[in-house]
Each structure stands twice: as structure tokens, then as C-alpha cells.
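Q: My structure is stored as run-v2.pdb, with PDB, C-alpha atoms and all ligand atoms.
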ATOM      1  CA  MET A  22       4.869  -8.141  -6.914  1.00  0.00           C
ATOM      2  CA  LEU A  23       7.251  -6.129  -4.832  1.00  0.00           C
ATOM      3  CA  HIS A  24      10.310  -4.406  -6.307  1.00  0.00           C
ATOM      4  CA  PRO A  25      13.193  -6.913  -6.707  1.00  0.00           C
ATOM      5  CA  SER A  26      15.493  -4.741  -4.564  1.00  0.00           C
ATOM      6  CA  THR A  27      13.484  -5.527  -1.419  1.00  0.00           C
ATOM      7  CA  ARG A  28      13.558  -8.443   1.022  1.00  0.00           C
ATOM      8  CA  LEU A  29      11.672  -9.807   4.001  1.00  0.00           C
ATOM      9  CA  SER A  30      13.351  -8.614   7.208  1.00  0.00           C
ATOM     10  CA  TRP A  31      12.823  -8.899  10.965  1.00  0.00           C
ATOM     11  CA  ILE A  32      12.028  -5.388  12.209  1.00  0.00           C
ATOM     12  CA  SER A  33      11.524  -5.789  15.980  1.00  0.00           C
ATOM     13  CA  ASP A  34       9.751  -7.941  18.575  1.00  0.00           C
ATOM     14  CA  ALA A  35       6.936  -5.362  18.708  1.00  0.00           C
ATOM     15  CA  VAL A  36       6.436  -5.124  14.941  1.00  0.00           C
ATOM     16  CA  GLY A  37       7.569  -8.555  13.664  1.00  0.00           C
ATOM     17  CA  TYR A  38       8.566  -8.948  10.025  1.00  0.00           C
ATOM     18  CA  GLY A  39       8.636  -6.181   7.450  1.00  0.00           C
ATOM     19  CA  VAL A  40      10.251  -5.279   4.144  1.00  0.00           C
ATOM     20  CA  ARG A  41      13.577  -3.508   3.639  1.00  0.00           C
ATOM     21  CA  ALA A  42      15.302  -2.119   0.549  1.00  0.00           C
ATOM     22  CA  THR A  43      18.432  -4.078  -0.470  1.00  0.00           C
ATOM     23  CA  GLN A  44      19.745  -1.093  -2.426  1.00  0.00           C
ATOM     24  CA  ARG A  45      18.798   2.534  -2.978  1.00  0.00           C
ATOM     25  CA  ILE A  46      15.410   2.935  -4.716  1.00  0.00           C
ATOM     26  CA  PRO A  47      14.807   6.414  -6.146  1.00  0.00           C
ATOM     27  CA  LYS A  48      11.613   8.449  -5.896  1.00  0.00           C
ATOM     28  CA  GLY A  49       9.165   7.672  -8.721  1.00  0.00           C
ATOM     29  CA  THR A  50      10.035   3.946  -8.815  1.00  0.00           C
ATOM     30  CA  ILE A  51       7.102   1.521  -8.926  1.00  0.00           C
ATOM     31  CA  LEU A  52       7.515  -0.415  -5.661  1.00  0.00           C
ATOM     32  CA  TRP A  53       4.601  -2.809  -6.042  1.00  0.00           C
ATOM     33  CA  ALA A  54       2.283  -3.804  -8.879  1.00  0.00           C
ATOM     34  CA  LEU A  55      -0.627  -6.233  -8.942  1.00  0.00           C
ATOM     35  CA  ASP A  56       0.481  -9.314 -10.920  1.00  0.00           C
ATOM     36  CA  PRO A  57      -1.326 -12.488 -12.056  1.00  0.00           C
ATOM     37  CA  LEU A  58      -0.033 -14.539  -9.090  1.00  0.00           C
ATOM     38  CA  ASP A  59      -1.755 -12.245  -6.577  1.00  0.00           C
ATOM     39  CA  ARG A  60      -5.149 -13.596  -5.475  1.00  0.00           C
ATOM     40  CA  VAL A  61      -8.251 -11.385  -5.572  1.00  0.00           C
ATOM     41  CA  PHE A  62     -11.272 -12.672  -3.604  1.00  0.00           C
ATOM     42  CA  GLY A  63     -14.813 -11.324  -3.987  1.00  0.00           C
ATOM     43  CA  PRO A  64     -17.154 -11.444  -0.953  1.00  0.00           C
ATOM     44  CA  HIS A  65     -18.701 -14.772  -2.041  1.00  0.00           C
ATOM     45  CA  GLU A  66     -15.264 -16.339  -2.491  1.00  0.00           C
ATOM     46  CA  VAL A  67     -14.261 -15.165   0.981  1.00  0.00           C
ATOM     47  CA  GLN A  68     -17.407 -16.782   2.369  1.00  0.00           C
ATOM     48  CA  ALA A  69     -16.673 -20.016   0.482  1.00  0.00           C
ATOM     49  CA  LEU A  70     -13.166 -20.243   1.985  1.00  0.00           C
ATOM     50  CA  GLY A  71     -14.696 -20.812   5.411  1.00  0.00           C
ATOM     51  CA  GLU A  72     -14.226 -18.819   8.556  1.00  0.00           C
ATOM     52  CA  SER A  73     -11.107 -20.688   9.701  1.00  0.00           C
ATOM     53  CA  LEU A  74      -9.187 -18.836   6.965  1.00  0.00           C
ATOM     54  CA  TRP A  75     -10.733 -15.399   7.591  1.00  0.00           C
ATOM     55  CA  PRO A  76      -8.189 -14.422  10.290  1.00  0.00           C
ATOM     56  CA  VAL A  77      -5.398 -15.157   7.785  1.00  0.00           C
ATOM     57  CA  LEU A  78      -7.034 -12.937   5.195  1.00  0.00           C
ATOM     58  CA  GLU A  79      -7.639 -10.219   7.771  1.00  0.00           C
ATOM     59  CA  VAL A  80      -3.921 -10.048   8.606  1.00  0.00           C
ATOM     60  CA  TYR A  81      -2.354 -10.603   5.188  1.00  0.00           C
ATOM     61  CA  SER A  82      -4.793  -9.164   2.637  1.00  0.00           C
ATOM     62  CA  TYR A  83      -6.267  -5.734   2.022  1.00  0.00           C
ATOM     63  CA  VAL A  84      -9.616  -4.545   0.685  1.00  0.00           C
ATOM     64  CA  ASN A  85      -9.494  -2.752  -2.656  1.00  0.00           C
ATOM     65  CA  GLY A  86     -11.822  -0.034  -3.955  1.00  0.00           C
ATOM     66  CA  SER A  87     -14.262  -2.665  -5.241  1.00  0.00           C
ATOM     67  CA  GLY A  88     -14.595  -4.330  -1.838  1.00  0.00           C
ATOM     68  CA  LYS A  89     -12.504  -7.352  -2.910  1.00  0.00           C
ATOM     69  CA  ARG A  90      -9.684  -8.808  -0.839  1.00  0.00           C
ATOM     70  CA  VAL A  91      -6.226  -8.818  -2.439  1.00  0.00           C
ATOM     71  CA  LEU A  92      -3.686 -11.335  -1.093  1.00  0.00           C
ATOM     72  CA  CYS A  93      -0.136 -10.716  -2.300  1.00  0.00           C
ATOM     73  CA  TRP A  94       1.747 -13.941  -3.069  1.00  0.00           C
ATOM     74  CA  ASP A  95       5.190 -12.568  -2.175  1.00  0.00           C
ATOM     75  CA  HIS A  96       6.673 -10.562   0.717  1.00  0.00           C
ATOM     76  CA  GLY A  97       4.387  -7.659  -0.255  1.00  0.00           C
ATOM     77  CA  ARG A  98       1.972  -9.031   2.341  1.00  0.00           C
ATOM     78  CA  PHE A  99       4.503  -8.201   5.078  1.00  0.00           C
ATOM     79  CA  MET A 100       4.776  -4.490   4.263  1.00  0.00           C
ATOM     80  CA  ASN A 101       4.166  -2.449   7.414  1.00  0.00           C
ATOM     81  CA  HIS A 102       2.348   0.793   7.995  1.00  0.00           C
ATOM     82  CA  SER A 103       3.949   4.156   8.643  1.00  0.00           C
ATOM     83  CA  CYS A 104       2.230   7.507   9.149  1.00  0.00           C
ATOM     84  CA  GLU A 105       5.103   8.789   6.969  1.00  0.00           C
ATOM     85  CA  PRO A 106       5.090   6.039   4.324  1.00  0.00           C
ATOM     86  CA  VAL A 107       7.680   5.761   1.561  1.00  0.00           C
ATOM     87  CA  SER A 108       5.185   3.990  -0.712  1.00  0.00           C
ATOM     88  CA  LEU A 109       1.729   5.189  -1.758  1.00  0.00           C
ATOM     89  CA  SER A 110      -0.770   4.060  -4.356  1.00  0.00           C
ATOM     90  CA  PRO A 111      -2.456   6.393  -6.850  1.00  0.00           C
ATOM     91  CA  GLY A 112      -5.894   5.368  -8.100  1.00  0.00           C
ATOM     92  CA  VAL A 113      -4.474   2.427 -10.081  1.00  0.00           C
ATOM     93  CA  ASP A 114      -3.047  -0.986  -9.133  1.00  0.00           C
ATOM     94  CA  PHE A 115       0.546  -0.049  -8.310  1.00  0.00           C
ATOM     95  CA  GLU A 116       2.488   1.783  -5.606  1.00  0.00           C
ATOM     96  CA  LEU A 117       5.146   4.439  -6.102  1.00  0.00           C
ATOM     97  CA  ALA A 118       8.170   5.442  -4.024  1.00  0.00           C
ATOM     98  CA  VAL A 119       7.206   8.963  -2.912  1.00  0.00           C
ATOM     99  CA  ARG A 120      10.788   9.731  -1.853  1.00  0.00           C
ATOM    100  CA  ASP A 121      14.248   8.188  -2.253  1.00  0.00           C
ATOM    101  CA  ILE A 122      14.607   5.010  -0.162  1.00  0.00           C
ATOM    102  CA  GLU A 123      18.084   4.191   1.116  1.00  0.00           C
ATOM    103  CA  GLU A 124      19.635   0.704   1.275  1.00  0.00           C
ATOM    104  CA  GLY A 125      18.451  -1.073   4.433  1.00  0.00           C
ATOM    105  CA  GLU A 126      15.537   1.313   5.008  1.00  0.00           C
ATOM    106  CA  GLU A 127      12.121  -0.168   5.743  1.00  0.00           C
ATOM    107  CA  VAL A 128       9.596   0.044   2.909  1.00  0.00           C
ATOM    108  CA  THR A 129       6.243   1.146   4.333  1.00  0.00           C
ATOM    109  CA  CYS A 130       2.788   2.096   3.094  1.00  0.00           C
ATOM    110  CA  ASP A 131      -0.225   3.757   4.750  1.00  0.00           C
ATOM    111  CA  TYR A 132      -2.788   1.260   6.074  1.00  0.00           C
ATOM    112  CA  SER A 133      -5.455   3.995   6.203  1.00  0.00           C
ATOM    113  CA  SER A 134      -5.656   3.518   2.427  1.00  0.00           C
ATOM    114  CA  LEU A 135      -6.420  -0.221   2.761  1.00  0.00           C
ATOM    115  CA  ASN A 136     -10.088  -0.007   3.865  1.00  0.00           C
ATOM    116  CA  LEU A 137      -9.480  -1.426   7.336  1.00  0.00           C
ATOM    117  CA  GLU A 138     -12.381  -3.132   9.075  1.00  0.00           C
ATOM    118  CA  GLU A 139     -11.069  -2.021  12.471  1.00  0.00           C
ATOM    119  CA  ASP A 140      -8.993   0.897  13.635  1.00  0.00           C
ATOM    120  CA  LEU A 141      -5.435  -0.031  14.654  1.00  0.00           C
ATOM    121  CA  ASN A 142      -3.213   1.536  17.286  1.00  0.00           C
ATOM    122  CA  CYS A 143      -0.082   2.681  15.480  1.00  0.00           C
ATOM    123  CA  LEU A 144       3.446   1.617  16.447  1.00  0.00           C
ATOM    124  CA  CYS A 145       5.234   3.435  13.609  1.00  0.00           C
ATOM    125  CA  GLY A 146       7.115   5.826  15.885  1.00  0.00           C
ATOM    126  CA  SER A 147       7.321   8.626  13.315  1.00  0.00           C
ATOM    127  CA  PRO A 148       7.257  12.217  14.652  1.00  0.00           C
ATOM    128  CA  ASN A 149       3.963  12.758  12.818  1.00  0.00           C
ATOM    129  CA  CYS A 150       2.359   9.499  13.974  1.00  0.00           C
ATOM    130  CA  ARG A 151      -1.434   9.784  13.988  1.00  0.00           C
ATOM    131  CA  GLY A 152      -1.707   7.337  16.922  1.00  0.00           C
ATOM    132  CA  VAL A 153      -4.624   5.447  15.404  1.00  0.00           C
ATOM    133  CA  ILE A 154      -4.773   4.122  11.850  1.00  0.00           C
ATOM    134  CA  SER A 155      -8.295   4.397  10.510  1.00  0.00           C
ATOM    135  CA  SER A 156      -9.836   4.170   7.073  1.00  0.00           C
ATOM    136  CA  SER A 157     -12.361   6.776   8.220  1.00  0.00           C
ATOM    137  CA  GLU A 158      -9.503   9.195   7.442  1.00  0.00           C
ATOM    138  CA  PHE A 159      -9.327   8.121   3.797  1.00  0.00           C
ATOM    139  CA  SER A 160     -11.091  11.173   2.339  1.00  0.00           C
ATOM    140  CA  HIS A 161      -9.126  13.513   4.582  1.00  0.00           C
ATOM    141  CA  LEU A 162      -5.732  11.985   3.708  1.00  0.00           C
ATOM    142  CA  ALA A 163      -6.234  11.311  -0.023  1.00  0.00           C
ATOM    143  CA  PRO A 164      -5.449  14.909  -1.144  1.00  0.00           C
ATOM    144  CA  LEU A 165      -2.143  14.768   0.787  1.00  0.00           C
ATOM    145  CA  TRP A 166      -1.286  11.379  -0.741  1.00  0.00           C
ATOM    146  CA  ASP A 167      -2.177  12.721  -4.225  1.00  0.00           C
ATOM    147  CA  GLU A 168       0.148  15.680  -3.766  1.00  0.00           C
ATOM    148  CA  ARG A 169       3.081  13.405  -2.892  1.00  0.00           C
ATOM    149  CA  LEU A 170       2.219  10.913  -5.633  1.00  0.00           C
ATOM    150  CA  ARG A 171       2.001  13.554  -8.350  1.00  0.00           C
ATOM    151  CA  GLU A 172       5.361  14.957  -7.335  1.00  0.00           C
ATOM    152  CA  ALA A 173       6.834  11.412  -7.431  1.00  0.00           C
ATOM    153  CA  VAL A 174       5.275  10.282 -10.727  1.00  0.00           C
ATOM    154  CA  ALA A 175       7.042  13.153 -12.488  1.00  0.00           C
ATOM    155  CA  HIS A 176      10.248  11.110 -11.914  1.00  0.00           C
ATOM    156  CA  ALA A 177       8.785   7.818 -13.143  1.00  0.00           C
ATOM    157  CA  GLY A 178      10.162   8.181 -16.655  1.00  0.00           C
ATOM    158  CA  GLN A 179      13.714   8.883 -15.481  1.00  0.00           C
ATOM    159  CA  VAL A 180      14.296   5.942 -13.123  1.00  0.00           C
ATOM    160  CA  GLU A 181      14.679   2.186 -13.637  1.00  0.00           C
ATOM    161  CA  GLN A 182      11.276   0.459 -13.575  1.00  0.00           C
ATOM    162  CA  PRO A 183      11.748  -3.318 -13.209  1.00  0.00           C
ATOM    163  CA  LEU A 184       8.030  -3.756 -12.431  1.00  0.00           C
ATOM    164  CA  LEU A 185       6.904  -2.037 -15.623  1.00  0.00           C
ATOM    165  CA  PRO A 186       5.831  -5.345 -17.271  1.00  0.00           C
ATOM    166  CA  TRP A 187       3.107  -5.655 -14.592  1.00  0.00           C
ATOM    167  CA  VAL A 188       1.701  -2.157 -15.048  1.00  0.00           C
ATOM    168  CA  GLN A 189      -1.650  -2.480 -16.824  1.00  0.00           C
ATOM    169  CA  ASP A 190      -1.491   0.799 -18.733  1.00  0.00           C
ATOM    170  CA  ARG A 191       2.128   1.615 -19.532  1.00  0.00           C
ATOM    171  CA  GLU A 192       1.149   4.343 -22.010  1.00  0.00           C
ATOM    172  CA  ALA A 193      -0.802   6.106 -19.275  1.00  0.00           C
ATOM    173  CA  LEU A 194       2.205   5.934 -16.916  1.00  0.00           C
ATOM    174  CA  SER A 195       4.329   7.630 -19.557  1.00  0.00           C
ATOM    175  CA  ARG A 196       1.670  10.351 -19.901  1.00  0.00           C
ATOM    176  CA  TRP A 197       1.371  10.832 -16.126  1.00  0.00           C
ATOM    177  CA  SER A 198       5.140  11.297 -15.797  1.00  0.00           C
ATOM    178  CA  SER A 199       4.819  14.258 -18.191  1.00  0.00           C
ATOM    179  CA  HIS A 200       1.428  15.430 -16.877  1.00  0.00           C
ATOM    180  CA  PRO A 201       1.373  14.479 -13.160  1.00  0.00           C
ATOM    181  CA  HIS A 202      -1.898  16.301 -12.466  1.00  0.00           C
ATOM    182  CA  GLU A 203      -3.655  13.660 -14.628  1.00  0.00           C
ATOM    183  CA  LEU A 204      -2.627  10.808 -12.275  1.00  0.00           C
ATOM    184  CA  PRO A 205      -5.854   9.273 -10.878  1.00  0.00           C
ATOM    185  CA  SER A 206      -6.526  10.151  -7.244  1.00  0.00           C
ATOM    186  CA  ALA A 207      -5.898   7.628  -4.461  1.00  0.00           C
ATOM    187  CA  ILE A 208      -9.537   8.168  -3.458  1.00  0.00           C
ATOM    188  CA  ARG A 209     -10.463   5.640  -6.179  1.00  0.00           C
ATOM    189  CA  HIS A 210      -9.305   2.902  -3.742  1.00  0.00           C
ATOM    190  CA  HIS A 211     -11.787   4.007  -1.078  1.00  0.00           C
ATOM    191  CA  PHE A 212     -14.476   1.452  -0.261  1.00  0.00           C
ATOM    192  CA  PRO A 213     -16.758   3.659   1.847  1.00  0.00           C
ATOM    193  CA  PHE A 214     -18.883   1.054   3.594  1.00  0.00           C
ATOM    194  CA  ARG A 215     -15.859   0.282   5.774  1.00  0.00           C
ATOM    195  CA  ASP A 216     -16.385   3.604   7.549  1.00  0.00           C
ATOM    196  CA  ALA A 217     -19.563   2.214   9.033  1.00  0.00           C
ATOM    197  CA  VAL A 218     -17.838  -0.786  10.609  1.00  0.00           C
ATOM    198  CA  ALA A 219     -14.520   0.807  11.636  1.00  0.00           C
ATOM    199  CA  THR A 220     -15.528   1.090  15.242  1.00  0.00           C
ATOM    200  CA  ARG A 221     -13.281  -1.214  17.231  1.00  0.00           C
ATOM    201  CA  SER A 222      -9.690  -0.669  18.247  1.00  0.00           C
ATOM    202  CA  ARG A 223      -6.921  -3.173  18.909  1.00  0.00           C
ATOM    203  CA  SER A 224      -3.281  -2.964  19.891  1.00  0.00           C
ATOM    204  CA  ALA A 225      -1.700  -4.870  16.994  1.00  0.00           C
ATOM    205  CA  GLN A 226      -0.177  -2.899  14.143  1.00  0.00           C
ATOM    206  CA  ARG A 227      -0.990  -5.507  11.527  1.00  0.00           C
TER     207      ARG A 227
HETATM  208 ZN    ZN B 301       1.980   6.097  13.118  1.00  0.00          ZN
END
Take the structure I supplied and represent it as C-alpha cells, if you would.
A:
Amino acid sequence: MLHPSTRLSWISDAVGYGVRATQRIPKGTILWALDPLDRVFGPHEVQALGESLWPVLEVYSYVNGSGKRVLCWDHGRFMNHSCEPVSLSPGVDFELAVRDIEEGEEVTCDYSSLNLEEDLNCLCGSPNCRGVISSSEFSHLAPLWDERLREAVAHAGQVEQPLLPWVQDREALSRWSSHPHELPSAIRHHFPFRDAVATRSRSAQR
């Protein structure tokens, strides 16, 4: 479930839909948390769906650290990539705002952390754009994500947390806000076999 102060929004003809903040969201806020309405498909369940639905899953779901596909039920599935994302996920099933997000600003994550099957050409337009989004960069990027996440989680206890009911281990979150270095690393989401198949490139961002 995405933070309630977000909405689906048309970004541009090149990018399509995305997610914007409807009011200011401070650093350390949980922006997304896995909830019971989200669907999680193991490899056999994906097979059983039939290949006519695989393109839908490829666009709207992501692969978690266990190799399962997660399909968000709400507008979370429209969140776009940025090489300078405002939202990152530590090694647990939620995402944190890694800086303050202003009203109207697009809420973005980093697709390199989503175990992509194929590399994607990036349209994010940020000054530090990597050009290609690839999960082969996961190990390289995870320490940078962890640094930003640990700085952000230190604020988690001082900001409103409307998604707290969906956080599996609320006691741990309280501990991490006091001891940020104990926050599990984003590398826990890495599903390494994807590196072996991330060989093709395509021009779509999502
Ligand atoms: Zn980029």
C-alpha cells in the first residue's frame, strides 16, 4: 500500500502514468508497505496463470529477494524509476522516503533493486542518470542505498507513519530509528540468478 498522500498522475507522453505526492512527505516516512491485498506469485503460480498474463506481470510486478513476483493492488504499481529516487527499500518489505518530498513531486524508486529480467534504457532525466537500469548493478548500488536508508530511518520515529499498521515488525522499526546501523541491508532483496538473464535492452522505461 502506498502512502495515502500520493495519487496516480500523468507524467508525460514519454513516461506515461506515475505517482505524485499530494502534500509534503518528510524524510523517514514509510512510503510503501506490503499489505495483505498485494498478490505474491511463486514461479509455479506464474506458470499456472498462463503466458497471456505474463506481459502484464512483467510490466506491473517486481521480483522480490525470494524470486517471487509481487503485484501491488493500488497505484504502487505505477511508481516510476529514477536514478535519484526519493524512495528506497531496506532489506524488509517497506520503502522509506530518503529525503523530504514536496507537494506535487513525483515519487520514484530505483528499478535496479527490483531484479529486472532485462536491462532498461532510462528516461529519468536526472543529472546523475546511469543511462541503463540493470539489476546487475545491485551489489554495487546496495551500499549507497543503505547509506541513504540508514540516514532516513533515523527520522522514522519523529514523523507521521500512516502505514505503520502494515509494517511486519514495528518493534524493530522503533529500534532501527534509534540504531540505524542495524537496519537490514537492501542487498537482502537481491535475487542473483537475474544477473545471468539480464542481457537484453529495450527502450521502454517500465
Ligand atoms: Zn536515469
Q: Determine the nearest neighbour of ligand ZN 301 (chain B) from the options A:Arg191, A:Arg196, A:His202, A:Arg151, counting all atoms listed in the file.
A: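 Nearest to ligand ZN 301 (chain B): A:Arg151.
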Q: Using all atoms listed in the file, what table do you get, as a Markdown table, when you list each residue of chain A with an atom no more than 12 Å from ligand ZN 301 (chain B), its nearest pair of atoms, and their distance in Å rounded to one decimal, rows by chain then rising number?
A:
| residue | atom | partner | partner_atom | distance |
| --- | --- | --- | --- | --- |
| A:Asn101 | CA | B:ZN301 | ZN | 10.5 |
| A:His102 | CA | B:ZN301 | ZN | 7.4 |
| A:Ser103 | CA | B:ZN301 | ZN | 5.3 |
| A:Cys104 | CA | B:ZN301 | ZN | 4.2 |
| A:Glu105 | CA | B:ZN301 | ZN | 7.4 |
| A:Pro106 | CA | B:ZN301 | ZN | 9.3 |
| A:Thr129 | CA | B:ZN301 | ZN | 10.9 |
| A:Cys130 | CA | B:ZN301 | ZN | 10.8 |
| A:Asp131 | CA | B:ZN301 | ZN | 9.0 |
| A:Tyr132 | CA | B:ZN301 | ZN | 9.8 |
| A:Ser133 | CA | B:ZN301 | ZN | 10.4 |
| A:Leu141 | CA | B:ZN301 | ZN | 9.7 |
| A:Asn142 | CA | B:ZN301 | ZN | 8.1 |
| A:Cys143 | CA | B:ZN301 | ZN | 4.6 |
| A:Leu144 | CA | B:ZN301 | ZN | 5.8 |
| A:Cys145 | CA | B:ZN301 | ZN | 4.2 |
| A:Gly146 | CA | B:ZN301 | ZN | 5.8 |
| A:Ser147 | CA | B:ZN301 | ZN | 5.9 |
| A:Pro148 | CA | B:ZN301 | ZN | 8.2 |
| A:Asn149 | CA | B:ZN301 | ZN | 7.0 |
| A:Cys150 | CA | B:ZN301 | ZN | 3.5 |
| A:Arg151 | CA | B:ZN301 | ZN | 5.1 |
| A:Gly152 | CA | B:ZN301 | ZN | 5.4 |
| A:Val153 | CA | B:ZN301 | ZN | 7.0 |
| A:Ile154 | CA | B:ZN301 | ZN | 7.1 |
| A:Ser155 | CA | B:ZN301 | ZN | 10.7 |
| A:Gln226 | CA | B:ZN301 | ZN | 9.3 |
Q: For the selection just defined, write its residues with C-alpha atoms to a file, as an mmCIF file, keeping the file's coordinate frame.
A:
data_model
loop_
_atom_site.group_PDB
_atom_site.id
_atom_site.type_symbol
_atom_site.label_atom_id
_atom_site.label_comp_id
_atom_site.auth_asym_id
_atom_site.auth_seq_id
_atom_site.Cartn_x
_atom_site.Cartn_y
_atom_site.Cartn_z
ATOM 1 C CA ASN A 101 4.166 -2.449 7.414
ATOM 2 C CA HIS A 102 2.348 0.793 7.995
ATOM 3 C CA SER A 103 3.949 4.156 8.643
ATOM 4 C CA CYS A 104 2.230 7.507 9.149
ATOM 5 C CA GLU A 105 5.103 8.789 6.969
ATOM 6 C CA PRO A 106 5.090 6.039 4.324
ATOM 7 C CA THR A 129 6.243 1.146 4.333
ATOM 8 C CA CYS A 130 2.788 2.096 3.094
ATOM 9 C CA ASP A 131 -0.225 3.757 4.750
ATOM 10 C CA TYR A 132 -2.788 1.260 6.074
ATOM 11 C CA SER A 133 -5.455 3.995 6.203
ATOM 12 C CA LEU A 141 -5.435 -0.031 14.654
ATOM 13 C CA ASN A 142 -3.213 1.536 17.286
ATOM 14 C CA CYS A 143 -0.082 2.681 15.480
ATOM 15 C CA LEU A 144 3.446 1.617 16.447
ATOM 16 C CA CYS A 145 5.234 3.435 13.609
ATOM 17 C CA GLY A 146 7.115 5.826 15.885
ATOM 18 C CA SER A 147 7.321 8.626 13.315
ATOM 19 C CA PRO A 148 7.257 12.217 14.652
ATOM 20 C CA ASN A 149 3.963 12.758 12.818
ATOM 21 C CA CYS A 150 2.359 9.499 13.974
ATOM 22 C CA ARG A 151 -1.434 9.784 13.988
ATOM 23 C CA GLY A 152 -1.707 7.337 16.922
ATOM 24 C CA VAL A 153 -4.624 5.447 15.404
ATOM 25 C CA ILE A 154 -4.773 4.122 11.850
ATOM 26 C CA SER A 155 -8.295 4.397 10.510
ATOM 27 C CA GLN A 226 -0.177 -2.899 14.143
#
Q: Please list as a PyMOL selection string every residue within 10 Å of stretch 77-80 of chain A, counting all atoms listed in the file and excluding residues in the same chain fewer than 5 positions away.
A: chain A and resi 62+67+72+90-92+98-99+137-138+226-227
Q: Could you tell me how far atom CA of A:Leu55 sits from atom CA of A:Ser33, in Å to one decimal place?
A: 27.7 Å
Q: Would you kindly identify which residues have an atom no farther than 7 Å from (-1.2, -1.2, -11.8), using only C-alpha atoms and the file's own coordinates, and write them out as a PyMOL selection string?
A: chain A and resi 54-55+113-115+187-189
Q: Can you give me, as a PyMOL selection string, the residues this file yields under the PyMOL selection byres (((chain A and resi 167-176) around 12) and not hetatm)?
A: chain A and resi 47-52+105-113+115-121+134+159-166+177-182+193-209
Q: Hey, can you check how far atom CA of A:Phe212 sits from atom CA of A:Asn85?
A: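 Value for the atom CA of A:Phe212-atom CA of A:Asn85 distance: 6.9 Å.
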Q: In terms of the shortest atom-to-atom distance over only C-alpha atoms, which of A:Ile122, A:Val84, A:Pro186, A:Asp95 is closest to A:Ser156?
A: A:Val84
Q: Taking a cut-off of 10 Å and counting all atoms listed in the file, can you build a table that, for each residue of stretch 94-207 of chain A near stretch 25-30 of chain A, reports the nearest atom pair and how far apart they are in Å (one decimal), sorted by chain then residue number, as CSV?
A:
residue,atom,partner,partner_atom,distance
A:Asp95,CA,A:Leu29,CA,9.4
A:His96,CA,A:Leu29,CA,6.0
A:Gly97,CA,A:Leu29,CA,8.7
A:Arg98,CA,A:Leu29,CA,9.9
A:Phe99,CA,A:Leu29,CA,7.4
A:Met100,CA,A:Leu29,CA,8.7
A:Glu124,CA,A:Ser26,CA,9.0
A:Gly125,CA,A:Thr27,CA,8.9
A:Glu126,CA,A:Thr27,CA,9.6
A:Glu127,CA,A:Ser30,CA,8.7
A:Val128,CA,A:Thr27,CA,8.1
A:Pro183,CA,A:Pro25,CA,7.6
A:Leu184,CA,A:Pro25,CA,8.3
Q: Hey, can you spit out that residue selection with C-alpha atoms as an mmCIF file, keeping the file's coordinate frame?
A:
data_model
loop_
_atom_site.group_PDB
_atom_site.id
_atom_site.type_symbol
_atom_site.label_atom_id
_atom_site.label_comp_id
_atom_site.auth_asym_id
_atom_site.auth_seq_id
_atom_site.Cartn_x
_atom_site.Cartn_y
_atom_site.Cartn_z
ATOM 1 C CA ASP A 95 5.190 -12.568 -2.175
ATOM 2 C CA HIS A 96 6.673 -10.562 0.717
ATOM 3 C CA GLY A 97 4.387 -7.659 -0.255
ATOM 4 C CA ARG A 98 1.972 -9.031 2.341
ATOM 5 C CA PHE A 99 4.503 -8.201 5.078
ATOM 6 C CA MET A 100 4.776 -4.490 4.263
ATOM 7 C CA GLU A 124 19.635 0.704 1.275
ATOM 8 C CA GLY A 125 18.451 -1.073 4.433
ATOM 9 C CA GLU A 126 15.537 1.313 5.008
ATOM 10 C CA GLU A 127 12.121 -0.168 5.743
ATOM 11 C CA VAL A 128 9.596 0.044 2.909
ATOM 12 C CA PRO A 183 11.748 -3.318 -13.209
ATOM 13 C CA LEU A 184 8.030 -3.756 -12.431
#
Q: Of the residues A:Cys93, A:Arg41, A:Ala35, A:Gly71, which is the one nearest to A:Asp59, using all atoms listed in the file?
A: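 Using all atoms listed in the file, A:Asp59 sits closest to A:Cys93.
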